[in-house]
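The structure appears below as structure tokens.
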Amino acid sequence: MSDSLLEVQDLDVVFGAGRHRQVAVEGLSYTLGKGETLAIVGESGSGKSVSSLALLGLLPRSARIERGTARFAGEDLLGLPEEQLRRLRGDRLTMIFQEPMTSLNPVLTIGRQLTEGLVEHRGIAQAAAEARAGEMIELVGLGDPARRLAQYPHELSGGMRQRVMIAMAMASEPDILIADEPTTALDVTVQAQILDLMRDLKARFGTSIILITHDMGVVAEMADRVVVMHRGRKVEEGAVGEVFARPREAYTRNLLAAVPRLGAYARTTAPRIVVDRPAEVDRRAPVVRARGLRKRFAGRSWFGRGDAGVLALDDVALDLYPGETLALVGESGSGKSTAGRAVLRLLEVDAGEIEVDGVELRGLGRAGLRRARGHMQMIFQDPFASLNPRLTVGALVAEPMQIHGIARGRELDDRIEALFHRVGLESDHIRRYPHEFSGGQRQRVAIARALGVGPKLIVADEPTSALDGAVQAQVLELLLELQQSLGLAYLFISHDMAVVEEVSHRVAVMQRGRIVETGPRPVVLNDPRHVYTRALLAAVPVADPTRRRGVLPRLDTATMPRGPLTEIAPGHLVAAGAEAA
Amino acid sequence: MASVVEPARAAAGAPASRSFLGSLLRTPSGAVGLVVVAVLVLAALLAAWIAPYDPLRMAAGPRLAPPSWAHWFGTDDFGRDVFSRIVYGARLTLQIGVIAVGISLTSGLLLGLVAGYASGWTERVLMRLVDVLFSFTEIVIALACLAILGIGLTNAMIAIGIASIPFYARITHSVVLVERNKPYFEAAVAGGAGHLRLIFRHLLPNVVPTLIVVGTLGVSTAVLAAAGLSFLGLGAQPPQPEWGFMLSSSRDLISRAPWMMIFPGVAIAITVLGFNLLGDGVREVLDPRQRQR
């Protein structure tokens, strides 16, 4: 890059001191050119966020910069006094964060938050700032600026809030925008729109972007150049095409290999085979048979402003056979998690039938339900929150077996040990507490806990979406191996189409509480008939910089066909009205 | 593929979690608080050896003698040794703290746990009841209890205990509401766990750290409240060497024998300060919000 805008040299960031000293970033150097998008990629804990926070002087108190310079506009950002840095921050250097739900102040209007920075940094009048804020609202595609500016964050969806964040960050036409996992918390279709928007604004204002992400798909879609970080160090740097096509370092190659690619299993009908003689799907009798599930979450009625609530499940029907994986896909709020919980009777539905292993769950009393829970288990998304922090992992794995009277004493201990080995953990892990494990290891503990009772059905709610690429691949492999050797049935809830393609036999696509398309996985993913399914698939970022997908049409979810499912091919059902489109 | 191994972060060679006491001594307030409370406990245990006189013996010296080598804190209007009375008074003070907080903490904990866990009707009834009690000042409830139980130091401890149940119930309830919405709780439900297991094995251990903090701070409140009741003549009765009662009996003699008032007052103040500091220290060590990983 000839005209570099930012030059970072030999940056060291350290947490703690003495015995607790931990080097988070070590000797990091890179340059950012004008109008360039530089992606900094790495797994969690690689120092990718910390290195960027350091530029803005936003490091947590326990961290300090030990060495390094960051030349920007003739000055060293790292050496600037706080007051001068503050003047740059939010004006020429801006940032957007991962979590749009919490990065806007809930008690201030959008307008107030948008104008604040302009008034502060530019010293322009409130009226002028408001005019500018209105322009930005239009520019980020929110429309109706007068109304938007008067709204509070809770009145907007996650995608809309991220648009507001971007409007805030771009209002001052900054030189550098630091985007820390800007789309990780968003649904794929929204993610695609936000990426489009960032690209569009970048071209318009000539802003340089530092894009921090773990998602190789987003990197391929957005970046000009890539810096790969691992354990605080830069392992590779290069143009995006170069890094993807010819990664020099083994670490980068592994990182790329671990990315699930949609289409990788397009030719197969079954999930990836990982054992010699996999158990076949047994189509004689279903493990789960659900019909007409309906669930409404009551709306709040503060000050009498009640609403009808949200119909989270609307006439949902599911069948799941032994040895089979049915993937429930859809965006957040589509009701897929609600459906999974309803099947386990973790929440009560308003109407419908749920049979698990031939037993109607809704008619069961406490004792009957407890017995039924011996056949069905759940694995949760967040392995950090789903393990009780005050119990040892051994005690956690033992618990369901104790409850269901499967083993006790010496035998129980043996079983726990066997389970730990089964999921790839060691015997001496048993006495430790959850916080001593990494995310992937914790998810293994959760899987061991679910396996102990010898279940027939496991509901897995986004079991790998909180995990880094390589770890995600390992946990998926474990789940596949367990299914194929034990004949488990999985209800696999996910928003990640590439993962779904790898693990599932059949797919059900949910949208606003209804299943709008369902069928064998190869059919639904290769030949989607519903607009919504097509949009979901089109929005998946492809981890290949030579195949950028360009601008996607915006979805109008309100007018999508939602009629009763009709069979258009054996086992392939689509909401009525979709076929015509 | 396996070369991109999971970072075994804390699993590998992380220092074993430091002992609770060790961490407590590292916080300035915890260390000071611990020393003050330790002195108090030693005084209570070894009162018989520390105190030079029998605290109840009248005419151990001349009446209303100012502090001297024979009577460090002077003597009171019956010629009793004030220092000895204060040393023995530590026993009563500790009893008050332990019993009053014990009563309010256990009852409040149970109430809050049950209400928070049960939800629905049980919760509404229990928590509205707690709210009603909460709307009275603690001292008013304590007075009402004493009116029923009759005056005396033991009854005062019980009364103070009962009066602060709503406080502990509210705190427990709010913590339970947070904990029961965490996925680990749902995971336990999905595993088939019954009521008792959910309450005592999953919720209780996650509530206790908060309550230990609040309870430690609560001891000082209880000591102060007991002193107040004794001052009013509703708690300790003569000739018990209770600090609050010693204060009140010195009222008429404040100008002639200020030492009768100063030393019990200072003892109360230091004790309250000690427990407050200890509570702050315990919070720093136990509060999960302070221990971000």
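The chains in the structure tokens are called A, B, ... from first to last as shown; in each chain the residues are counted from 1, and the ligands are counted from 1 in the order shown.
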Neighbours of B:Phe275 within 9 Å (only C-alpha atoms; same-chain residues fewer than 6 positions away dropped), as a short mmCIF file (atom, residue, chain, number, x, y, z; two decimals) with N, CA and C atoms, in the first residue's frame?
```cif
data_model
loop_
_atom_site.label_atom_id
_atom_site.label_comp_id
_atom_site.auth_asym_id
_atom_site.auth_seq_id
_atom_site.Cartn_x
_atom_site.Cartn_y
_atom_site.Cartn_z
N GLY B 33 -11.03 -5.76 58.71
CA GLY B 33 -12.26 -6.30 59.28
C GLY B 33 -12.01 -7.61 59.99
N LEU B 34 -11.22 -8.45 59.36
CA LEU B 34 -10.94 -9.76 59.93
C LEU B 34 -10.21 -9.62 61.27
N VAL B 36 -10.31 -7.03 63.36
CA VAL B 36 -11.24 -6.50 64.36
C VAL B 36 -12.16 -7.61 64.87
N VAL B 37 -12.71 -8.38 63.94
CA VAL B 37 -13.64 -9.44 64.34
C VAL B 37 -12.89 -10.52 65.12
N THR B 216 -22.86 -10.82 56.51
CA THR B 216 -21.74 -10.23 57.25
C THR B 216 -22.02 -8.76 57.53
N LEU B 217 -22.52 -8.07 56.50
CA LEU B 217 -22.88 -6.67 56.71
C LEU B 217 -24.03 -6.56 57.71
N GLY B 218 -24.92 -7.57 57.68
CA GLY B 218 -26.10 -7.56 58.53
C GLY B 218 -25.76 -7.67 60.01
N VAL B 219 -24.63 -8.31 60.33
CA VAL B 219 -24.25 -8.45 61.74
C VAL B 219 -24.13 -7.08 62.38
N SER B 220 -23.51 -6.14 61.66
CA SER B 220 -23.31 -4.82 62.26
C SER B 220 -24.65 -4.14 62.50
#
```
Backbone DSSP call of strand (DSSP E) for stretch 259-399 of chain A, listed as an MDAnalysis selection string
chainID A and resid 288:297 310:320 325:329 351:356 359:360 376:379
Could you write those residues out with C-alpha atoms, as a compact mmCIF listing (two decimals), in the first residue's frame?
```
# COMPACT_ATOMS: atom_id res chain seq x y z
CA VAL A 288 -40.86 -37.84 18.04
CA ARG A 289 -44.23 -37.28 16.54
CA ALA A 290 -45.66 -33.80 17.04
CA ARG A 291 -48.83 -32.43 15.51
CA GLY A 292 -50.52 -29.06 15.55
CA LEU A 293 -48.21 -27.42 18.10
CA ARG A 294 -49.32 -23.96 18.99
CA LYS A 295 -47.78 -21.56 21.48
CA ARG A 296 -48.48 -17.90 22.08
CA PHE A 297 -46.26 -15.78 24.29
CA VAL A 310 -46.33 -13.44 19.62
CA LEU A 311 -47.40 -16.66 18.02
CA ALA A 312 -44.15 -18.56 18.48
CA LEU A 313 -45.52 -21.86 17.20
CA ASP A 314 -48.33 -21.99 14.70
CA ASP A 315 -49.56 -25.44 13.73
CA VAL A 316 -46.13 -27.07 13.79
CA ALA A 317 -45.81 -30.76 12.97
CA LEU A 318 -42.63 -32.83 13.23
CA ASP A 319 -41.59 -36.45 12.78
CA LEU A 320 -38.19 -37.71 13.78
CA THR A 325 -31.21 -35.75 12.33
CA LEU A 326 -33.94 -33.28 11.61
CA ALA A 327 -32.55 -29.77 11.35
CA LEU A 328 -34.82 -26.93 12.36
CA VAL A 329 -33.54 -23.83 10.63
CA ALA A 351 -52.41 -26.87 21.77
CA GLY A 352 -51.17 -29.93 19.91
CA GLU A 353 -49.88 -33.43 20.52
CA ILE A 354 -46.30 -34.47 21.31
CA GLU A 355 -45.41 -38.13 21.36
CA VAL A 356 -41.89 -39.12 22.32
CA VAL A 359 -45.78 -41.72 24.90
CA GLU A 360 -48.02 -38.66 24.74
CA MET A 376 -34.74 -37.34 25.86
CA GLN A 377 -31.98 -34.90 26.64
CA MET A 378 -30.91 -31.46 25.57
CA ILE A 379 -27.66 -29.75 24.63
```
Contacts of stretch 46-60 of chain B at 9 Å or less, counting only C-alpha atoms, minus same-chain residues fewer than 5 places along, as a PyMOL selection string?
chain B and resi 41+70-71+75+78-91+239-241
Contact residues (chain A, partner chain B, 8 Å, only C-alpha atoms) as a ChimeraX atom specification
/A:251,254-255,257-258,344,346,369-371,373-374,377-380,382,385-388,390,399-400,403-404,435-438,440,450,470-471
Based on DSSP run over this structure's backbone, return all residues of stretch 39-273 of chain B in helix (DSSP H, G or I), as a ChimeraX atom specification.
/B:39-45,47-50,82-118,120-134,138-149,153-163,165-179,183-190,195-231,243-249,251-253,259-273
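For the pair atom CA of A:Val25 and atom CA of A:Asp12, the interatomic distance is 5.1 Å.
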From atom CA of B:Met261 to atom CA of B:Phe231 the spacing works out at 11.7 Å
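For A:Gly117, the list of residues within 10 Å, based on only C-alpha atoms and with local chain neighbours fewer than 2 positions off taken out, reads Arg89, Gly90, Asp91, Arg112, Gln113, Leu114, Thr115, Val119, Glu120, His121, Arg122, Gly123, Ala129, Met168, Ala169, Ala171 and Ser172 of chain A.
Between atom CA of A:Met229 and atom CA of A:Ile212 the interatomic distance comes to 10.5 Å.
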